[in-house]
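Asker: Below is the file input-v7.cif, which contains mmCIF, C-alpha atoms and all ligand atoms.
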```
data_model
#
loop_
_atom_site.label_atom_id
_atom_site.label_comp_id
_atom_site.auth_asym_id
_atom_site.auth_seq_id
_atom_site.Cartn_x
_atom_site.Cartn_y
_atom_site.Cartn_z
CA MET A 1161 -13.75 14.31 32.33
CA TYR A 1162 -10.26 13.75 31.05
CA THR A 1163 -9.49 16.88 33.03
CA GLN A 1164 -11.60 16.13 36.08
CA GLY A 1165 -8.49 16.59 38.27
CA LEU A 1166 -8.82 20.30 37.65
CA ASP A 1167 -12.04 20.43 39.54
CA VAL A 1168 -10.97 18.75 42.72
CA GLN A 1169 -7.89 20.72 43.58
CA LYS A 1170 -9.62 22.95 46.06
CA GLY A 1171 -7.55 25.62 47.67
CA ASP A 1172 -5.05 25.45 44.83
CA VAL A 1173 -3.72 28.97 44.61
CA SER A 1174 -1.10 28.38 41.91
CA ILE A 1175 -3.55 29.52 39.25
CA PRO A 1176 -4.59 33.16 39.59
CA LEU A 1177 -8.29 33.17 38.74
CA GLU A 1178 -9.41 36.63 39.75
CA GLN A 1179 -10.29 38.75 36.81
CA GLY A 1180 -8.42 42.03 36.91
CA ASP A 1181 -9.82 44.96 35.04
CA SER A 1182 -6.81 46.34 33.25
CA GLU A 1183 -7.38 47.51 29.70
CA LEU A 1184 -5.64 44.37 28.40
CA GLU A 1185 -7.89 42.08 30.39
CA ARG A 1186 -11.01 43.93 29.33
CA ARG A 1187 -10.02 43.63 25.68
CA PHE A 1188 -9.20 39.96 26.14
CA GLN A 1189 -12.60 39.19 27.69
CA ALA A 1190 -14.37 41.24 25.03
CA LYS A 1191 -12.74 39.11 22.35
CA ILE A 1192 -13.87 35.94 24.08
CA ASP A 1193 -17.39 37.28 24.58
CA ALA A 1194 -17.48 38.00 20.84
CA ASP A 1195 -16.54 34.34 20.21
CA GLU A 1196 -13.17 35.24 18.73
CA LYS A 1197 -10.34 32.75 19.16
CA ILE A 1198 -7.20 33.37 21.18
CA GLU A 1199 -3.98 32.36 19.39
CA PRO A 1200 -0.62 31.48 20.98
CA LYS A 1201 1.08 34.84 20.62
CA ASP A 1202 -1.93 36.92 21.67
CA TRP A 1203 -1.88 38.51 25.10
CA MET A 1204 -3.66 36.39 27.70
CA PRO A 1205 -4.08 36.52 31.50
CA GLU A 1206 -1.69 34.26 33.39
CA GLY A 1207 -4.63 32.39 34.92
CA TYR A 1208 -6.00 31.60 31.48
CA ARG A 1209 -2.64 30.28 30.33
CA LYS A 1210 -2.07 28.18 33.43
CA THR A 1211 -5.57 26.74 33.44
CA LEU A 1212 -5.16 25.75 29.80
CA VAL A 1213 -1.75 24.18 30.37
CA ARG A 1214 -3.18 22.08 33.15
CA GLN A 1215 -6.35 21.17 31.32
CA ILE A 1216 -4.71 20.32 27.99
CA SER A 1217 -1.85 18.38 29.58
CA GLN A 1218 -4.24 16.35 31.77
CA HIS A 1219 -6.19 15.61 28.64
CA ALA A 1220 -3.00 14.55 26.80
CA HIS A 1221 -1.83 12.36 29.69
CA SER A 1222 -5.25 10.68 29.71
CA GLU A 1223 -4.96 9.79 26.03
CA VAL A 1224 -1.53 8.29 26.64
CA VAL A 1225 -2.29 6.37 29.83
CA GLY A 1226 -5.61 5.34 28.27
CA MET A 1227 -3.70 3.15 25.85
CA LEU A 1228 -2.62 0.84 28.68
CA PRO A 1229 -5.89 -0.89 29.65
CA GLU A 1230 -6.65 -1.53 25.97
CA GLY A 1231 -3.11 -2.49 25.01
CA ASN A 1232 -3.57 -5.29 27.50
CA TRP A 1233 -5.85 -7.07 24.99
CA ILE A 1234 -4.16 -6.58 21.61
CA THR A 1235 -2.47 -9.96 21.57
CA ARG A 1236 -5.60 -11.70 22.82
CA ALA A 1237 -8.23 -10.12 20.55
CA PRO A 1238 -10.59 -12.90 19.42
CA SER A 1239 -10.19 -12.36 15.67
CA LEU A 1240 -7.97 -10.60 13.16
CA ARG A 1241 -10.76 -8.09 12.47
CA ARG A 1242 -11.01 -7.18 16.15
CA LYS A 1243 -7.25 -7.03 16.51
CA ALA A 1244 -6.81 -4.68 13.55
CA ALA A 1245 -9.58 -2.42 14.87
CA LEU A 1246 -8.19 -2.34 18.40
CA LEU A 1247 -4.69 -1.58 17.15
CA ALA A 1248 -6.01 1.25 14.97
CA LYS A 1249 -7.98 2.67 17.87
CA ILE A 1250 -5.01 2.61 20.23
CA GLN A 1251 -2.85 4.19 17.55
CA ASP A 1252 -5.44 6.97 17.28
CA GLU A 1253 -5.20 7.55 21.03
CA ALA A 1254 -1.43 8.00 20.72
CA GLY A 1255 -2.16 10.55 17.99
CA HIS A 1256 -4.63 12.33 20.28
CA GLY A 1257 -1.95 12.55 22.92
CA LEU A 1258 0.38 14.06 20.36
CA TYR A 1259 -2.13 16.67 19.10
CA LEU A 1260 -2.82 17.73 22.66
CA TYR A 1261 0.80 17.90 23.79
CA SER A 1262 1.50 20.02 20.70
CA ALA A 1263 -1.38 22.35 21.54
CA CYS A 1264 -0.06 22.62 25.08
CA GLU A 1265 3.46 23.41 23.88
CA THR A 1266 2.17 26.56 22.17
CA LEU A 1267 1.66 27.91 25.71
CA ASN A 1268 5.40 27.99 26.46
CA VAL A 1269 5.88 24.65 28.16
CA SER A 1270 8.19 22.02 26.73
CA ARG A 1271 7.19 18.47 25.91
CA GLN A 1272 9.89 17.36 28.30
CA GLU A 1273 8.32 19.21 31.24
CA LEU A 1274 4.91 17.76 30.49
CA VAL A 1275 6.18 14.20 30.18
CA ASP A 1276 8.24 14.58 33.35
CA GLN A 1277 5.18 15.82 35.27
CA LEU A 1278 3.32 12.67 34.30
CA LEU A 1279 6.17 10.27 35.01
CA GLU A 1280 6.95 11.83 38.36
CA GLY A 1281 3.32 11.48 39.38
CA LYS A 1282 2.82 15.24 39.64
CA ALA A 1283 0.20 15.40 36.92
CA LYS A 1284 -3.30 13.99 36.91
CA TYR A 1285 -5.01 11.95 34.24
CA SER A 1286 -8.55 10.66 34.06
CA SER A 1287 -9.62 8.39 36.92
CA ILE A 1288 -11.16 5.95 34.44
CA PHE A 1289 -7.84 4.51 33.31
CA ASN A 1290 -7.07 3.24 36.78
CA TYR A 1291 -9.57 0.41 36.45
CA PRO A 1292 -8.47 -3.01 35.18
CA SER A 1293 -9.55 -4.53 31.85
CA THR A 1294 -10.00 -8.12 32.95
CA THR A 1295 -12.05 -9.66 30.12
CA TRP A 1296 -12.50 -9.12 26.38
CA ALA A 1297 -15.92 -7.59 27.10
CA ASP A 1298 -14.10 -4.77 28.88
CA ILE A 1299 -12.70 -3.69 25.51
CA GLY A 1300 -16.28 -3.43 24.28
CA ALA A 1301 -17.38 -1.51 27.37
CA ILE A 1302 -14.42 0.87 27.15
CA GLY A 1303 -15.11 1.76 23.53
CA TRP A 1304 -18.83 2.13 24.10
CA LEU A 1305 -18.83 3.91 27.48
CA VAL A 1306 -15.42 5.51 27.99
CA ASP A 1307 -15.05 6.79 24.43
CA GLY A 1308 -18.75 7.63 24.49
CA ALA A 1309 -18.27 9.81 27.56
CA ALA A 1310 -15.13 11.31 26.03
CA ILE A 1311 -17.04 12.27 22.88
CA MET A 1312 -19.77 13.88 24.97
CA ASN A 1313 -17.14 16.08 26.59
CA GLN A 1314 -15.00 16.74 23.55
CA VAL A 1315 -17.70 17.86 21.13
CA PRO A 1316 -18.38 21.16 22.95
CA LEU A 1317 -14.62 21.65 23.44
CA GLN A 1318 -14.30 22.07 19.67
CA ARG A 1319 -15.68 25.56 20.39
CA CYS A 1320 -13.07 26.29 23.07
CA SER A 1321 -11.70 29.83 22.96
CA TYR A 1322 -8.07 28.76 22.56
CA GLY A 1323 -7.35 28.16 18.87
CA PRO A 1324 -4.81 25.31 19.05
CA TYR A 1325 -6.92 23.38 21.60
CA SER A 1326 -10.06 23.87 19.57
CA ARG A 1327 -8.34 22.66 16.39
CA ALA A 1328 -6.94 19.60 18.18
CA MET A 1329 -10.44 18.78 19.44
CA ILE A 1330 -11.87 19.02 15.93
CA ARG A 1331 -9.33 16.48 14.66
CA ILE A 1332 -9.90 14.23 17.65
CA CYS A 1333 -13.69 14.28 17.39
CA LYS A 1334 -13.49 13.20 13.75
CA GLU A 1335 -11.54 10.13 14.82
CA GLU A 1336 -13.48 9.29 17.98
CA SER A 1337 -16.73 8.00 16.55
CA PHE A 1338 -15.19 4.82 15.17
CA HIS A 1339 -13.88 4.10 18.66
CA GLN A 1340 -17.32 4.09 20.18
CA ARG A 1341 -18.86 2.12 17.35
CA GLN A 1342 -16.25 -0.63 17.47
CA GLY A 1343 -16.86 -0.93 21.22
CA TYR A 1344 -20.60 -1.12 20.85
CA GLU A 1345 -20.24 -3.72 18.11
CA ILE A 1346 -18.20 -5.90 20.48
CA MET A 1347 -20.91 -5.54 23.15
CA LEU A 1348 -23.62 -6.36 20.63
CA THR A 1349 -21.82 -9.48 19.45
CA LEU A 1350 -21.37 -10.70 23.02
CA ALA A 1351 -24.92 -9.78 24.04
CA ARG A 1352 -26.26 -11.86 21.14
CA GLY A 1353 -23.85 -14.72 21.80
CA THR A 1354 -23.95 -17.60 24.26
CA ALA A 1355 -25.26 -17.22 27.79
CA ALA A 1356 -21.67 -17.05 29.05
CA GLN A 1357 -20.81 -14.28 26.57
CA LYS A 1358 -23.87 -12.31 27.56
CA ARG A 1359 -22.91 -12.67 31.22
CA MET A 1360 -19.45 -11.38 30.36
CA ALA A 1361 -20.96 -8.32 28.66
CA GLN A 1362 -23.24 -7.64 31.64
CA ASP A 1363 -20.32 -7.99 34.03
CA ALA A 1364 -18.27 -5.48 32.04
CA LEU A 1365 -21.16 -3.02 32.05
CA ASN A 1366 -21.54 -3.50 35.81
CA ARG A 1367 -17.92 -2.58 36.41
CA TRP A 1368 -17.56 0.28 33.89
CA TRP A 1369 -20.84 2.14 34.26
CA TRP A 1370 -20.16 4.05 37.47
CA PRO A 1371 -16.52 4.88 36.70
CA SER A 1372 -17.73 6.21 33.32
CA LEU A 1373 -20.15 8.57 35.09
CA MET A 1374 -17.27 9.75 37.27
CA MET A 1375 -15.40 10.80 34.15
CA PHE A 1376 -17.50 13.96 34.04
CA GLY A 1377 -15.99 15.12 37.31
CA PRO A 1378 -17.60 16.32 40.54
CA ASN A 1379 -21.08 17.81 40.76
CA ASP A 1380 -21.27 21.41 39.61
CA LYS A 1381 -21.65 22.67 43.16
CA ASP A 1382 -18.29 21.06 44.04
CA SER A 1383 -16.47 22.30 40.98
CA PRO A 1384 -14.78 25.52 42.07
CA HIS A 1385 -12.91 26.31 38.87
CA SER A 1386 -15.89 25.94 36.60
CA ALA A 1387 -17.28 29.46 36.68
CA GLN A 1388 -14.06 31.11 35.51
CA SER A 1389 -13.43 28.40 32.92
CA MET A 1390 -16.90 28.95 31.52
CA ARG A 1391 -16.32 32.69 31.38
CA TRP A 1392 -13.09 32.08 29.49
CA LYS A 1393 -14.84 29.53 27.28
CA ILE A 1394 -12.25 26.90 28.14
CA LYS A 1395 -15.16 24.84 29.39
CA ARG A 1396 -18.42 25.14 27.52
CA VAL A 1397 -20.91 22.86 29.26
CA SER A 1398 -21.11 21.99 32.98
CA ASN A 1399 -20.17 18.58 34.43
CA ASP A 1400 -23.69 17.68 35.53
CA GLU A 1401 -25.25 18.73 32.25
CA LEU A 1402 -22.83 16.58 30.25
CA ARG A 1403 -23.29 13.63 32.61
CA GLN A 1404 -27.08 13.83 32.27
CA LYS A 1405 -26.79 13.95 28.49
CA PHE A 1406 -24.56 10.89 28.55
CA VAL A 1407 -27.00 8.95 30.73
CA ASP A 1408 -29.91 9.94 28.49
CA VAL A 1409 -28.28 8.66 25.30
CA THR A 1410 -26.63 5.59 26.81
CA VAL A 1411 -29.54 3.97 28.68
CA PRO A 1412 -31.50 3.20 25.47
CA GLN A 1413 -28.30 1.73 23.98
CA ALA A 1414 -28.03 -0.64 26.95
CA ASP A 1415 -31.70 -1.55 26.51
CA PHE A 1416 -31.02 -2.44 22.89
CA LEU A 1417 -28.24 -4.75 24.03
CA GLY A 1418 -30.66 -6.36 26.47
CA LEU A 1419 -28.32 -5.47 29.34
CA THR A 1420 -29.25 -3.91 32.67
CA MET A 1421 -27.66 -0.79 34.10
CA PRO A 1422 -26.23 -1.49 37.59
CA ASP A 1423 -28.32 1.25 39.17
CA PRO A 1424 -31.61 0.40 40.93
CA ALA A 1425 -32.46 4.11 41.12
CA LEU A 1426 -32.31 4.56 37.36
CA ARG A 1427 -35.70 5.42 35.87
CA TRP A 1428 -37.23 7.59 33.19
CA ASN A 1429 -38.67 10.83 34.51
CA ALA A 1430 -41.43 11.95 32.18
CA GLY A 1431 -41.66 15.27 33.98
CA SER A 1432 -38.08 16.33 33.37
CA GLY A 1433 -37.66 14.43 30.12
CA HIS A 1434 -34.47 12.84 31.52
CA TYR A 1435 -33.41 9.71 33.33
CA ASP A 1436 -33.04 10.00 37.08
CA PHE A 1437 -30.07 8.06 38.39
CA GLY A 1438 -28.48 7.10 41.68
CA GLU A 1439 -25.77 8.83 43.67
CA ILE A 1440 -22.19 8.39 42.52
CA ASP A 1441 -19.73 7.00 45.06
CA TRP A 1442 -17.71 10.19 45.44
CA GLU A 1443 -15.42 8.62 48.01
CA GLU A 1444 -14.29 6.07 45.42
CA PHE A 1445 -13.79 8.90 42.90
CA LYS A 1446 -11.64 10.80 45.37
CA GLN A 1447 -9.57 7.75 46.23
CA VAL A 1448 -8.86 6.92 42.58
CA LEU A 1449 -7.85 10.50 41.79
CA GLN A 1450 -5.56 10.54 44.80
CA GLY A 1451 -3.72 7.52 43.49
CA ASN A 1452 -5.47 4.73 45.38
CA GLY A 1453 -7.52 3.17 42.59
CA PRO A 1454 -7.12 -0.47 41.58
CA CYS A 1455 -4.43 0.22 38.94
CA ASN A 1456 -2.88 3.63 39.67
CA ARG A 1457 0.49 2.19 40.66
CA GLU A 1458 0.56 -0.29 37.81
CA ARG A 1459 -0.19 2.45 35.24
CA MET A 1460 2.58 4.70 36.52
CA ARG A 1461 5.01 1.81 36.67
CA ASP A 1462 4.19 0.80 33.07
CA ARG A 1463 4.50 4.37 31.73
CA ASN A 1464 7.81 4.87 33.48
CA ARG A 1465 9.12 1.54 32.28
CA ALA A 1466 8.12 2.24 28.67
CA HIS A 1467 9.74 5.65 28.83
CA GLU A 1468 12.95 4.23 30.26
CA ARG A 1469 13.06 1.48 27.66
CA GLY A 1470 12.62 4.00 24.88
CA ARG A 1471 15.43 6.22 26.08
CA TRP A 1472 18.16 4.65 23.97
CA VAL A 1473 15.99 5.07 20.86
CA ARG A 1474 15.50 8.77 21.52
CA GLU A 1475 19.19 9.28 22.16
CA ALA A 1476 20.29 7.21 19.17
CA ALA A 1477 17.96 9.13 16.84
CA LEU A 1478 19.46 12.42 17.98
CA ALA A 1479 23.01 11.12 17.62
CA HIS A 1480 22.23 9.78 14.15
CA ALA A 1481 20.71 13.10 13.05
CA GLU A 1482 23.75 14.90 14.45
CA LYS A 1483 26.14 12.63 12.57
CA ARG A 1484 24.32 13.15 9.27
CA ARG A 1485 24.27 16.89 9.78
CA ALA A 1486 28.02 16.92 10.42
CA ARG A 1487 28.70 14.75 7.39
CA ALA A 1488 26.57 16.99 5.14
CA ALA A 1489 28.32 20.08 6.48
CA ALA A 1490 31.76 18.53 5.82
CA GLN A 1491 30.73 17.73 2.26
CA THR A 1492 29.57 21.28 1.63
CA THR A 1493 32.87 22.64 2.93
CA ALA A 1494 34.80 20.22 0.72
CA VAL A 1495 32.83 21.24 -2.37
CA ALA A 1496 33.30 24.91 -1.55
CA ALA A 1497 37.04 24.37 -1.23
CA GLU A 1498 37.34 22.78 -4.66
CA MET B 1363 15.31 12.65 34.32
CA SER B 1364 15.75 15.48 31.89
CA GLU B 1365 16.93 14.80 28.37
CA ARG B 1366 16.94 16.90 25.24
CA ASP B 1367 13.66 17.20 23.30
CA TRP B 1368 13.77 16.33 19.62
CA PRO B 1369 13.34 19.50 17.52
CA LEU B 1370 9.81 20.71 16.75
CA TRP B 1371 8.44 20.55 13.18
CA GLU B 1372 5.34 22.08 11.61
CA VAL B 1373 3.35 19.79 9.34
CA PHE B 1374 1.57 20.91 6.17
CA ILE B 1375 -0.70 18.64 4.15
CA ARG B 1376 -1.94 18.89 0.57
CA ALA B 1377 -5.34 17.21 0.74
CA LYS B 1378 -5.46 16.56 -3.01
CA ALA B 1379 -3.76 17.72 -6.18
CA GLY B 1380 -4.87 21.24 -7.02
CA LEU B 1381 -5.11 22.41 -3.40
CA ALA B 1382 -2.46 24.30 -1.45
CA HIS B 1383 -0.62 22.70 1.49
CA LYS B 1384 -2.38 23.60 4.73
CA HIS B 1385 -1.02 23.62 8.26
CA ALA B 1386 -2.17 20.49 10.10
CA GLY B 1387 -0.20 20.54 13.36
CA SER B 1388 3.24 19.87 14.71
CA LEU B 1389 5.44 17.12 16.09
CA HIS B 1390 8.91 16.40 17.43
CA ALA B 1391 11.43 14.43 15.37
CA ALA B 1392 15.18 14.02 15.32
CA ASP B 1393 15.54 14.91 11.64
CA ALA B 1394 13.55 15.80 8.53
CA GLN B 1395 13.14 12.22 7.35
CA MET B 1396 11.75 11.10 10.69
CA ALA B 1397 9.51 14.17 10.79
CA LEU B 1398 8.04 13.18 7.42
CA GLU B 1399 7.46 9.59 8.47
CA ASN B 1400 5.92 10.55 11.80
CA ALA B 1401 3.72 13.14 10.10
CA ARG B 1402 2.48 10.43 7.74
CA ASP B 1403 1.76 8.14 10.69
CA VAL B 1404 -0.15 10.64 12.82
CA TYR B 1405 -1.64 13.17 10.44
CA THR B 1406 -2.60 11.04 7.42
CA ARG B 1407 -4.06 7.87 8.90
CA ARG B 1408 -7.27 8.19 6.90
CA GLY B 1409 -6.20 9.39 3.49
CA GLU B 1410 -6.02 13.05 4.53
CA GLY B 1411 -3.31 13.93 2.05
CA VAL B 1412 -1.31 13.28 -1.10
CA SER B 1413 1.71 15.41 -0.17
CA LEU B 1414 3.41 16.47 3.05
CA TRP B 1415 5.76 19.29 4.02
CA VAL B 1416 7.62 19.42 7.30
CA VAL B 1417 9.35 22.65 8.32
CA PRO B 1418 11.49 23.23 11.41
CA SER B 1419 9.36 25.47 13.64
CA THR B 1420 12.37 27.68 14.28
CA ALA B 1421 12.58 28.45 10.53
CA ILE B 1422 9.24 30.25 10.57
CA THR B 1423 9.20 34.01 11.02
CA ALA B 1424 5.80 35.22 12.18
CA SER B 1425 4.25 38.65 12.30
CA ASP B 1426 3.72 39.99 15.78
CA PRO B 1427 0.08 40.02 16.95
CA GLU B 1428 0.88 43.08 19.09
CA ASP B 1429 1.55 45.03 15.89
CA LYS B 1430 -1.47 43.58 14.13
CA GLU B 1431 -3.23 46.92 13.78
CA ALA B 1432 -0.23 48.88 12.53
CA PHE B 1433 1.05 46.03 10.39
CA PHE B 1434 -2.14 45.37 8.47
CA GLU B 1435 -3.60 48.87 8.73
CA PRO B 1436 -2.23 50.21 5.41
CA THR B 1437 -4.73 48.06 3.51
CA GLY B 1438 -7.73 49.27 5.53
CA ASP B 1439 -8.41 52.50 3.63
CA LYS B 1440 -7.49 51.33 0.15
CA ILE B 1441 -11.00 50.53 -0.94
CA TYR B 1442 -10.00 51.27 -4.55
CA ARG B 1443 -8.35 47.85 -4.54
CA HIS B 1444 -11.81 46.28 -4.68
CA PRO B 1445 -13.92 46.03 -7.86
CA THR B 1446 -16.99 47.50 -6.14
CA PHE B 1447 -15.17 50.85 -5.81
CA TYR B 1448 -15.68 51.59 -9.50
CA GLU B 1449 -19.01 52.87 -10.77
CA ILE B 1450 -20.13 51.37 -14.06
CA PRO B 1451 -23.65 51.96 -15.44
CA GLU B 1452 -26.06 49.00 -15.24
CA ASP B 1453 -26.30 48.93 -19.03
CA VAL B 1454 -22.71 47.86 -19.48
CA LYS B 1455 -22.65 44.07 -19.48
CA ASN B 1456 -20.00 41.45 -18.81
CA ILE B 1457 -17.72 43.63 -16.71
FE FE C 1501 -8.91 9.83 22.33
FE FE C 1502 -10.95 7.28 21.70
#
```
What is this file in structure tokens?
Answerer:
Amino acid sequence: MYTQGLDVQKGDVSIPLEQGDSELERRFQAKIDADEKIEPKDWMPEGYRKTLVRQISQHAHSEVVGMLPEGNWITRAPSLRRKAALLAKIQDEAGHGLYLYSACETLNVSRQELVDQLLEGKAKYSSIFNYPSTTWADIGAIGWLVDGAAIMNQVPLQRCSYGPYSRAMIRICKEESFHQRQGYEIMLTLARGTAAQKRMAQDALNRWWWPSLMMFGPNDKDSPHSAQSMRWKIKRVSNDELRQKFVDVTVPQADFLGLTMPDPALRWNAGSGHYDFGEIDWEEFKQVLQGNGPCNRERMRDRNRAHERGRWVREAALAHAEKRRARAAAQTTAVAAE
Amino acid sequence: MSERDWPLWEVFIRAKAGLAHKHAGSLHAADAQMALENARDVYTRRGEGVSLWVVPSTAITASDPEDKEAFFEPTGDKIYRHPTFYEIPEDVKNI
């Protein structure tokens, strides 16, 4: 998902995942088993803290980088209504980034460290944002599929064991549903439009469907960190389960649009009560996560450029605040002296 | 690369007149005015509030969760602070 990078770092030993059995750890796990929340100042195992920092920061980075493919279309939105909606959606994503960075900061990391990790290319963000948004229909497909997949993942995370993360997810989920609906509305309008518009919608679906399925991360059998994360209730539902749920709700939505999923193996399985679907191209997934997707370099370049260009604003704001503080202090001293 | 973070602020929102301000989240801002404006922009985009407080995070003194038991324990055995502690016959009404 937005934190799929967690799953693929096999052999990563920087996060201690073994459960010790000290009294503290036993009490910690008992609290989690009883569905109690963990708050910032409570004792927690180092592995729990580190896993959360990585998961929440990857999630935050994804919200921030996720603004880029959509920002690409703000000035070219086909009507004022669409432009206002797209702007509002992108603004929400900036807010999501902020909620998540704030939640992460309660775990004793600074905003600066987190931002640096992203800009220096040391941190991961969701593979999905490394695909280009080449037509207006892509904005429809992103809202419908990418936000749809995000919602599927984020709803169970509202019950995450870490209080600040869970609260951030609750806020985010409230805001997400408009994102998906505005995307689907764009698709619907195109699908009911001219033959060329319908082709554009189908083309967007063709390009975004498989990358959207990759958002849920590797198959459960290849997801080494999952078991511990489930035990800690940092992750509540497995990758494959969420992916299946997403396919099951999305296929009928595509049918309604009169569009065809780009998967010849896709068919309803009456026995299982689910859709069967084809194999994901895991090699492509791996390549994109490793930095070799179509837009990885462009995204990093744009983030770094934006950060550099904003530097003078950040510095000026601090200097201004400092000046006002000094002036207020001088005034107080003068009054006291009178 | 490294530069100084803007200070951290805690944001409290009054959802409507008559309700208390409730903690909504936090943000970084250079000063109080900017904290207020940023809080409005991120935390009240859909009419979530009619009043905002921002407080420097460093100004908050919190109780220590390690001492939770000892700190809150004194209230545990004072059941006479609750109305149900007092026995009044059924026949007495409106009390
Ligand atoms: Fe989001
Ligand atoms: Fe979204």
Asker: Within 7 Å of ligand FE 1501 (chain C), which residues show up when you count all atoms listed in the file? List them as a PyMOL selection string, please.
Answerer: chain A and resi 1223+1252-1253+1256+1332+1336
Asker: Could you list the residues in chain A lying within 7 Å of chain B, using only C-alpha atoms, and format the result as a ChimeraX atom specification?
Answerer: /A:1201-1202,1255,1262,1272,1477-1478,1481
Asker: List as a ChimeraX atom specification the protein and nucleic acid residues near region 1343-1354 of chain A, meaning an atom at most 9 Å away when all atoms listed in the file are counted, but skip any in the same chain fewer than 6 places from it.
Answerer: /A:1242,1296-1305,1307,1360-1362,1413,1416-1419
Asker: Have a look at CA of Gln1340 (chain A) and CA of Phe1289 (chain A) and let me know their distance in Å, one decimal.
Answerer: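 These atoms are spaced 16.2 Å apart.
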Asker: Would you name the residues within 12 Å of ligand FE 1502 (chain C), counting only C-alpha atoms and all ligand atoms, and put them as number ranges by chain?
Answerer: A: 1162, 1219-1220, 1222-1227, 1230, 1245-1257, 1299, 1302-1314, 1329, 1331-1343
Asker: Between CA of Lys1393 (chain A) and CA of Tyr1325 (chain A), what is the spacing in Å?
Answerer: 11.5 Å
